[in-house]
>>> print(open('work-v8.pdb').read())   # PDB, C-alpha atoms
MODEL        1
ATOM      1  CA  MET A   1       0.343  -9.032  21.981
ATOM      2  CA  SER A   2      -0.483  -7.415  18.642
ATOM      3  CA  GLN A   3      -1.493  -3.761  18.829
ATOM      4  CA  THR A   4      -2.167  -3.575  15.099
ATOM      5  CA  THR A   5      -3.907  -5.368  12.264
ATOM      6  CA  ILE A   6      -1.722  -5.849   9.189
ATOM      7  CA  VAL A   7      -3.504  -4.862   5.970
ATOM      8  CA  THR A   8      -2.437  -5.888   2.469
ATOM      9  CA  ALA A   9      -3.854  -6.656  -0.976
ATOM     10  CA  PHE A  10      -3.067  -8.600  -4.121
ATOM     11  CA  ILE A  11      -4.715  -7.508  -7.376
ATOM     12  CA  THR A  12      -3.759  -9.008 -10.739
ATOM     13  CA  LYS A  13      -3.671  -7.781 -14.342
ATOM     14  CA  VAL A  14      -3.079  -4.114 -13.602
ATOM     15  CA  ASN A  15      -0.045  -3.693 -15.852
ATOM     16  CA  ASN A  16       1.862  -5.390 -18.662
ATOM     17  CA  ILE A  17       4.818  -6.980 -16.913
ATOM     18  CA  ASP A  18       5.469 -10.647 -16.380
ATOM     19  CA  PHE A  19       8.740 -10.597 -14.474
ATOM     20  CA  ARG A  20       7.236 -12.673 -11.687
ATOM     21  CA  SER A  21       4.678 -15.391 -12.134
ATOM     22  CA  TYR A  22       1.681 -15.311  -9.833
ATOM     23  CA  ASP A  23       3.115 -18.365  -8.101
ATOM     24  CA  THR A  24       6.347 -16.559  -7.247
ATOM     25  CA  TYR A  25       4.567 -13.414  -6.107
ATOM     26  CA  LEU A  26       2.145 -15.440  -3.996
ATOM     27  CA  GLN A  27       5.058 -17.280  -2.411
ATOM     28  CA  TYR A  28       6.428 -13.907  -1.336
ATOM     29  CA  GLY A  29       3.079 -12.745   0.004
ATOM     30  CA  ASN A  30       2.373 -15.988   1.816
ATOM     31  CA  LYS A  31       5.383 -15.358   4.029
ATOM     32  CA  LEU A  32       3.393 -12.410   5.358
ATOM     33  CA  LEU A  33       0.009 -14.135   5.516
ATOM     34  CA  SER A  34       1.323 -17.178   7.399
ATOM     35  CA  LEU A  35       2.652 -15.163  10.345
ATOM     36  CA  ASP A  36       0.841 -15.462  13.679
ATOM     37  CA  ILE A  37      -0.292 -11.832  13.491
ATOM     38  CA  PRO A  38      -3.789 -10.436  12.777
ATOM     39  CA  THR A  39      -3.905  -9.759   9.038
ATOM     40  CA  ILE A  40      -6.496  -8.688   6.471
ATOM     41  CA  ILE A  41      -5.931  -9.285   2.772
ATOM     42  CA  PHE A  42      -8.054  -7.962  -0.083
ATOM     43  CA  ILE A  43      -7.950 -10.421  -2.951
ATOM     44  CA  GLU A  44      -9.831 -11.332  -6.110
ATOM     45  CA  GLN A  45     -12.244 -14.245  -6.031
ATOM     46  CA  TYR A  46     -10.399 -16.313  -8.619
ATOM     47  CA  ILE A  47      -7.093 -16.003  -6.756
ATOM     48  CA  TYR A  48      -8.786 -16.917  -3.485
ATOM     49  CA  ASP A  49     -10.448 -19.941  -5.073
ATOM     50  CA  SER A  50      -7.283 -21.089  -6.830
ATOM     51  CA  TYR A  51      -4.737 -20.593  -4.070
ATOM     52  CA  TYR A  52      -6.355 -20.210  -0.643
ATOM     53  CA  LYS A  53      -9.855 -21.636  -0.329
ATOM     54  CA  ASP A  54      -8.669 -25.192   0.318
ATOM     55  CA  CYS A  55      -5.759 -24.390   2.656
ATOM     56  CA  LEU A  56      -7.099 -21.802   5.095
ATOM     57  CA  ASP A  57      -5.556 -23.696   8.028
ATOM     58  CA  SER A  58      -2.168 -22.447   6.817
ATOM     59  CA  TYR A  59      -3.287 -18.857   7.451
ATOM     60  CA  PRO A  60      -5.111 -18.975  10.805
ATOM     61  CA  LYS A  61      -4.694 -15.252  11.585
ATOM     62  CA  THR A  62      -5.582 -14.005   8.093
ATOM     63  CA  HIS A  63      -9.006 -12.597   7.275
ATOM     64  CA  PHE A  64      -9.715 -12.763   3.523
ATOM     65  CA  ILE A  65     -11.935 -10.130   1.885
ATOM     66  CA  ILE A  66     -12.918 -10.565  -1.749
ATOM     67  CA  PHE A  67     -12.221  -7.438  -3.766
ATOM     68  CA  GLU A  68     -12.450  -7.217  -7.548
ATOM     69  CA  LYS A  69     -10.255  -4.815  -9.463
ATOM     70  CA  HIS A  70     -13.061  -2.573 -10.700
ATOM     71  CA  GLU A  71     -14.352  -2.014  -7.164
ATOM     72  CA  ASN A  72     -11.522   0.496  -6.940
ATOM     73  CA  TYR A  73     -13.315   3.881  -7.084
ATOM     74  CA  LEU A  74     -10.646   5.281  -9.406
ATOM     75  CA  TYR A  75     -11.974   3.219 -12.306
ATOM     76  CA  ASN A  76     -15.058   5.454 -12.210
ATOM     77  CA  HIS A  77     -12.746   8.279 -13.314
ATOM     78  CA  LEU A  78     -10.738   6.378 -15.931
ATOM     79  CA  SER A  79     -12.286   8.173 -18.904
ATOM     80  CA  GLN A  80     -11.109  11.524 -17.475
ATOM     81  CA  ILE A  81      -7.443  10.514 -17.561
ATOM     82  CA  THR A  82      -6.594  11.811 -21.022
ATOM     83  CA  ASN A  83      -3.219  13.367 -20.224
ATOM     84  CA  TYR A  84      -1.396  10.510 -18.483
ATOM     85  CA  GLU A  85       2.335  11.100 -18.871
ATOM     86  CA  VAL A  86       4.872   9.867 -16.325
ATOM     87  CA  GLU A  87       8.620   9.718 -16.770
ATOM     88  CA  THR A  88       9.555   6.104 -16.112
ATOM     89  CA  ASN A  89      12.140   3.583 -17.208
ATOM     90  CA  ASN A  90       9.503   0.857 -16.906
ATOM     91  CA  PRO A  91       6.371   1.939 -18.815
ATOM     92  CA  LEU A  92       5.052  -1.627 -18.919
ATOM     93  CA  LYS A  93       4.838  -1.527 -15.110
ATOM     94  CA  ASP A  94       3.838   2.083 -14.501
ATOM     95  CA  THR A  95       0.432   1.944 -16.168
ATOM     96  CA  ILE A  96      -2.716   3.766 -15.094
ATOM     97  CA  GLY A  97      -3.999   0.493 -13.600
ATOM     98  CA  TYR A  98      -0.838   0.154 -11.535
ATOM     99  CA  MET A  99      -1.224   3.715 -10.237
ATOM    100  CA  PHE A 100      -4.837   2.954  -9.350
ATOM    101  CA  VAL A 101      -3.730   0.051  -7.152
ATOM    102  CA  GLN A 102      -1.032   2.085  -5.428
ATOM    103  CA  CYS A 103      -3.387   4.988  -4.777
ATOM    104  CA  HIS A 104      -6.035   2.654  -3.358
ATOM    105  CA  LYS A 105      -3.922   1.489  -0.385
ATOM    106  CA  THR A 106      -5.492   4.060   1.917
ATOM    107  CA  GLU A 107      -8.976   2.905   0.870
ATOM    108  CA  TRP A 108      -8.185  -0.706   1.746
ATOM    109  CA  VAL A 109      -6.993   0.461   5.136
ATOM    110  CA  ARG A 110     -10.208   2.455   5.555
ATOM    111  CA  ARG A 111     -12.258  -0.682   4.867
ATOM    112  CA  ALA A 112     -10.089  -2.689   7.253
ATOM    113  CA  VAL A 113     -10.846  -0.100   9.952
ATOM    114  CA  GLN A 114     -14.560  -0.438   9.208
ATOM    115  CA  THR A 115     -14.417  -4.250   9.275
ATOM    116  CA  ASN A 116     -11.922  -4.625  12.164
ATOM    117  CA  PRO A 117     -12.302  -8.388  12.736
ATOM    118  CA  PHE A 118      -9.469  -8.389  15.288
ATOM    119  CA  ASN A 119     -10.728  -5.385  17.282
ATOM    120  CA  THR A 120      -7.536  -3.298  17.134
ATOM    121  CA  THR A 121      -7.180   0.481  17.188
ATOM    122  CA  ASN A 122      -3.999   0.482  15.060
ATOM    123  CA  PHE A 123      -3.663  -0.777  11.487
ATOM    124  CA  THR A 124      -0.518  -1.161   9.402
ATOM    125  CA  TRP A 125      -0.426  -1.381   5.619
ATOM    126  CA  ILE A 126       2.371  -3.648   4.310
ATOM    127  CA  ASP A 127       2.807  -4.372   0.607
ATOM    128  CA  PHE A 128       1.946  -7.976  -0.201
ATOM    129  CA  GLY A 129       5.279  -8.613  -1.925
ATOM    130  CA  ILE A 130       7.504  -6.873   0.604
ATOM    131  CA  TYR A 131       9.593 -10.041   1.015
ATOM    132  CA  HIS A 132      11.221  -9.378  -2.366
ATOM    133  CA  MET A 133      13.216  -6.480  -0.875
ATOM    134  CA  ILE A 134      14.251  -8.437   2.238
ATOM    135  CA  GLN A 135      14.837 -12.059   1.140
ATOM    136  CA  ASP A 136      15.259 -13.333   4.685
ATOM    137  CA  GLU A 137      12.283 -15.090   6.246
ATOM    138  CA  GLU A 138      13.494 -14.847   9.824
ATOM    139  CA  GLU A 139      14.277 -11.134   9.554
ATOM    140  CA  LEU A 140      10.864 -10.597   8.015
ATOM    141  CA  ARG A 141       9.136 -12.508  10.795
ATOM    142  CA  GLN A 142      11.035 -10.841  13.632
ATOM    143  CA  SER A 143      10.559  -7.352  12.216
ATOM    144  CA  ILE A 144       6.819  -7.731  11.642
ATOM    145  CA  VAL A 145       6.310  -9.316  15.057
ATOM    146  CA  GLN A 146       8.147  -6.354  16.560
ATOM    147  CA  LEU A 147       6.208  -3.685  14.658
ATOM    148  CA  SER A 148       2.897  -5.405  15.406
ATOM    149  CA  GLY A 149       3.420  -4.521  19.066
ATOM    150  CA  HIS A 150       3.821  -0.805  18.378
ATOM    151  CA  TYR A 151       1.060   1.721  18.944
ATOM    152  CA  TYR A 152       0.907   5.104  17.219
ATOM    153  CA  SER A 153      -1.602   7.890  17.698
ATOM    154  CA  THR A 154      -1.267   9.459  14.217
ATOM    155  CA  VAL A 155      -0.025   8.110  10.836
ATOM    156  CA  ARG A 156       3.352   6.381  11.092
ATOM    157  CA  ILE A 157       4.881   6.338   7.606
ATOM    158  CA  ALA A 158       8.134   5.165   6.007
ATOM    159  CA  SER A 159      10.249   7.906   4.459
ATOM    160  CA  CYS A 160      13.325   7.516   2.245
ATOM    161  CA  ILE A 161      13.957  11.290   2.224
ATOM    162  CA  ASP A 162      12.894  13.750   4.892
ATOM    163  CA  PRO A 163       9.749  15.299   3.367
ATOM    164  CA  ASN A 164      10.740  18.633   4.866
ATOM    165  CA  GLU A 165      13.620  18.734   2.377
ATOM    166  CA  PRO A 166      13.096  20.791  -0.801
ATOM    167  CA  LEU A 167      11.202  19.165  -3.655
ATOM    168  CA  TYR A 168      13.776  17.855  -6.129
ATOM    169  CA  ASN A 169      11.710  16.959  -9.182
ATOM    170  CA  ASP A 170       8.414  17.348 -11.065
ATOM    171  CA  ILE A 171       5.973  15.922  -8.526
ATOM    172  CA  TYR A 172       3.317  15.237 -11.161
ATOM    173  CA  HIS A 173       5.487  13.350 -13.642
ATOM    174  CA  GLN A 174       8.591  11.966 -11.902
ATOM    175  CA  VAL A 175       8.559   9.573  -8.964
ATOM    176  CA  ALA A 176       9.592  11.195  -5.665
ATOM    177  CA  TRP A 177      10.798   8.940  -2.861
ATOM    178  CA  PHE A 178      10.069  11.176   0.097
ATOM    179  CA  PHE A 179       7.826   8.288   1.184
ATOM    180  CA  ALA A 180       8.740   4.663   0.613
ATOM    181  CA  GLY A 181       5.221   3.516  -0.204
ATOM    182  CA  SER A 182       5.407  -0.035   1.138
ATOM    183  CA  ILE A 183       4.355   0.606   4.737
ATOM    184  CA  PHE A 184       2.294   3.048   6.743
ATOM    185  CA  GLY A 185       0.029   2.671   9.720
ATOM    186  CA  GLY A 186      -1.172   4.136  12.956
ATOM    187  CA  HIS A 187      -4.424   4.980  14.677
ATOM    188  CA  ALA A 188      -7.697   4.147  12.945
ATOM    189  CA  ASP A 189      -9.087   7.693  13.169
ATOM    190  CA  TYR A 190      -6.035   9.267  11.557
ATOM    191  CA  LEU A 191      -5.872   6.574   8.892
ATOM    192  CA  VAL A 192      -9.470   7.310   7.921
ATOM    193  CA  SER A 193      -8.603  11.008   7.690
ATOM    194  CA  PHE A 194      -5.613  10.071   5.522
ATOM    195  CA  ALA A 195      -7.928   8.035   3.272
ATOM    196  CA  ASP A 196     -10.378  10.944   3.015
ATOM    197  CA  LEU A 197      -7.640  13.352   1.997
ATOM    198  CA  MET A 198      -6.099  10.884  -0.441
ATOM    199  CA  LYS A 199      -9.397  10.279  -2.211
ATOM    200  CA  GLN A 200     -10.091  14.005  -2.462
ATOM    201  CA  LYS A 201      -6.611  14.716  -3.817
ATOM    202  CA  CYS A 202      -6.702  11.883  -6.373
ATOM    203  CA  ILE A 203     -10.038  13.112  -7.737
ATOM    204  CA  GLN A 204      -8.752  16.686  -7.767
ATOM    205  CA  ILE A 205      -5.665  15.715  -9.793
ATOM    206  CA  ILE A 206      -7.768  13.704 -12.239
ATOM    207  CA  THR A 207     -10.301  16.522 -12.602
ATOM    208  CA  GLU A 208      -7.824  19.386 -12.923
ATOM    209  CA  LYS A 209      -4.957  17.678 -14.762
ATOM    210  CA  ASN A 210      -6.596  14.635 -16.394
ATOM    211  CA  HIS A 211      -3.729  12.701 -14.894
ATOM    212  CA  ILE A 212      -2.736  10.381 -12.051
ATOM    213  CA  MET A 213       0.651   9.390 -10.638
ATOM    214  CA  TRP A 214       2.413   7.386  -7.940
ATOM    215  CA  GLU A 215       0.772   7.286  -4.531
ATOM    216  CA  VAL A 216       4.011   8.392  -2.852
ATOM    217  CA  ASN A 217       3.945  11.633  -4.847
ATOM    218  CA  ILE A 218       0.386  12.341  -3.774
ATOM    219  CA  TRP A 219       1.269  11.516  -0.169
ATOM    220  CA  TYR A 220       3.993  14.176  -0.397
ATOM    221  CA  LEU A 221       1.410  16.749  -1.468
ATOM    222  CA  LEU A 222      -0.794  15.708   1.440
ATOM    223  CA  PHE A 223       2.104  15.961   3.877
ATOM    224  CA  LYS A 224       2.787  19.508   2.771
ATOM    225  CA  GLU A 225      -0.839  20.429   3.395
ATOM    226  CA  ASN A 226      -1.329  18.361   6.577
ATOM    227  CA  PRO A 227       2.027  17.807   8.325
ATOM    228  CA  HIS A 228       0.311  17.258  11.680
ATOM    229  CA  LEU A 229      -1.203  14.042  10.333
ATOM    230  CA  PHE A 230       2.115  12.267   9.801
ATOM    231  CA  ASP A 231       4.815  10.761  11.989
ATOM    232  CA  PHE A 232       7.502   9.845   9.455
ATOM    233  CA  TYR A 233      10.612   7.736  10.029
ATOM    234  CA  LEU A 234      13.684   7.354   7.822
ATOM    235  CA  CYS A 235      14.488   4.050   6.137
ATOM    236  CA  ASP A 236      15.472   2.526   2.806
ATOM    237  CA  HIS A 237      13.959  -0.153   0.595
ATOM    238  CA  ASN A 238      15.435  -2.938   2.740
ATOM    239  CA  ILE A 239      14.843  -4.448   6.201
ATOM    240  CA  SER A 240      15.059  -0.963   7.763
ATOM    241  CA  ILE A 241      11.610  -0.234   6.327
ATOM    242  CA  LEU A 242      10.197  -2.682   8.890
ATOM    243  CA  GLN A 243      12.744  -2.394  11.684
ATOM    244  CA  ASN A 244      12.432   1.388  11.968
ATOM    245  CA  TYR A 245       8.629   1.440  12.044
TER     246      TYR A 245
ENDMDL
END
>>> encode(input="work-v8.pdb", output="structure tokens")
Amino acid sequence: MSQTTIVTAFITKVNNIDFRSYDTYLQYGNKLLSLDIPTIIFIEQYIYDSYYKDCLDSYPKTHFIIFEKHENYLYNHLSQITNYEVETNNPLKDTIGYMFVQCHKTEWVRRAVQTNPFNTTNFTWIDFGIYHMIQDEEELRQSIVQLSGHYYSTVRIASCIDPNEPLYNDIYHQVAWFFAGSIFGGHADYLVSFADLMKQKCIQIITEKNHIMWEVNIWYLLFKENPHLFDFYLCDHNISILQNY
């Protein structure tokens, strides 16, 4: 029996890359949505109408919520971001719009907690395209079925590097993989607290530095200030990110 509701989102046109067509990316995400596990997805109206509206029977455990890109609260602060500089080898991907989507994950989980169509106390964020790092449908299915039965009382979060290790780079301008980014979850109350802190910190960074960066970097700052909130586990960007949850 599922202890958790899976939460995910798919938002288009947030950066300038075209390495995957929407069709390919949706094929990846559909491997998640078609599982027999309670799932909420936040998705734009035109994607819902084009790809899902007429085939809902294929996704019997998925609850669709329409969410347009500019509903993301961070767009209200876009004009303040006048000093956006990140060190990246993929500037077409790592745009401000991309960072806005990554930093909004906690807000989507907050709304899932508020909506709670499946009446669970745990919620687990999983990136919509997580299949791209696994490439094995059966391993994906087994791992998500397994993690859906887990219950956590705080925030369970994937970590590539122990966040208690010393900071190794410029946290405001270089990506830091203390947290993997693709999965976190846990108890509704703690996830709402996580969302509160994330929103406050994002606005603080925008206000004080006129800047924004990867969500995993901001999560590291939050961990340092609120270690009691997090129950981290070590993994890599492969099947271990699900199996070790």
>>> atom_distance(input="work-v8.pdb", atom1="CA of Gln45 (chain A)", atom2="CA of Ile66 (chain A)")
5.7 Å
>>> resolve_selection(input="work-v8.pdb", expression="the PyMOL selection byres ((chain A and resi 213-221) around 7)", output="count of residues only")
20
>>> closest_atom_pairs(input="work-v8.pdb", of="region 105-211 of chain A", to="region 14-29 of chain A", cutoff="8 Å", atoms="all atoms listed in the file", output="CSV")
residue,atom,partner,partner_atom,distance
A:Phe128,CA,A:Gly29,CA,4.9
A:Gly129,CA,A:Gly29,CA,5.1
A:Ile130,CA,A:Tyr28,CA,7.4
A:Tyr131,CA,A:Tyr28,CA,5.5
A:His132,CA,A:Tyr28,CA,6.7
>>> atom_distance(input="work-v8.pdb", atom1="CA of Phe232 (chain A)", atom2="CA of Ile157 (chain A)")
4.8 Å
>>> atom_distance(input="work-v8.pdb", atom1="CA of Leu197 (chain A)", atom2="CA of Glu68 (chain A)")
23.2 Å
>>> closest_residue(input="work-v8.pdb", among="A:Thr39, A:Ser240, A:Asn72, A:Gln3", to="Thr115 (chain A)", atoms="all atoms listed in the file")
A:Thr39
>>> closest_residue(input="work-v8.pdb", among="A:Asp196, A:Glu44, A:Asp231, A:Asp136", to="Ala9 (chain A)", atoms="only C-alpha atoms")
A:Glu44
>>> closest_residue(input="work-v8.pdb", among="A:Ile161, A:Ile96, A:Ile126, A:Leu78", to="Ser148 (chain A)", atoms="all atoms listed in the file")
A:Ile126
>>> resolve_selection(input="work-v8.pdb", expression="the PyMOL selection byres ((chain A and resi 65) around 9)", output="MDAnalysis selection string")
chainID A and resid 40:45 63:64 66:67
>>> write_last_selection(input="work-v8.pdb", atoms="C-alpha atoms", output="PDB file, keeping the file's coordinate frame")
ATOM      1  CA  ILE A  40      -6.496  -8.688   6.471  1.00  0.00           C
ATOM      2  CA  ILE A  41      -5.931  -9.285   2.772  1.00  0.00           C
ATOM      3  CA  PHE A  42      -8.054  -7.962  -0.083  1.00  0.00           C
ATOM      4  CA  ILE A  43      -7.950 -10.421  -2.951  1.00  0.00           C
ATOM      5  CA  GLU A  44      -9.831 -11.332  -6.110  1.00  0.00           C
ATOM      6  CA  GLN A  45     -12.244 -14.245  -6.031  1.00  0.00           C
ATOM      7  CA  HIS A  63      -9.006 -12.597   7.275  1.00  0.00           C
ATOM      8  CA  PHE A  64      -9.715 -12.763   3.523  1.00  0.00           C
ATOM      9  CA  ILE A  66     -12.918 -10.565  -1.749  1.00  0.00           C
ATOM     10  CA  PHE A  67     -12.221  -7.438  -3.766  1.00  0.00           C
TER      11      PHE A  67
END
>>> closest_residue(input="work-v8.pdb", among="A:Ile11, A:Leu140, A:Leu229, A:Val109", to="His70 (chain A)", atoms="all atoms listed in the file")
A:Ile11
>>> axis_aligned_box(input="work-v8.pdb", around="region 151-163 of chain A", padding_each_side="4 Å", output="JSON")
{"center_x": 6.2, "center_y": 8.5, "center_z": 10.6, "size_x": 23.6, "size_y": 21.6, "size_z": 24.7}
>>> closest_residue(input="work-v8.pdb", among="A:Asn210, A:Lys93, A:Tyr168, A:Met198", to="Ser79 (chain A)", atoms="all atoms listed in the file")
A:Asn210
>>> residues_around(input="work-v8.pdb", residues="Tyr233 (chain A)", least_positions_apart="3", cutoff="9 Å", atoms="only C-alpha atoms", output="MDAnalysis selection string")
chainID A and resid 156:160 162 241 244:245
>>> closest_residue(input="work-v8.pdb", among="A:Val7, A:Asp170, A:Ser2, A:Pro38", to="Arg111 (chain A)", atoms="only C-alpha atoms")
A:Val7
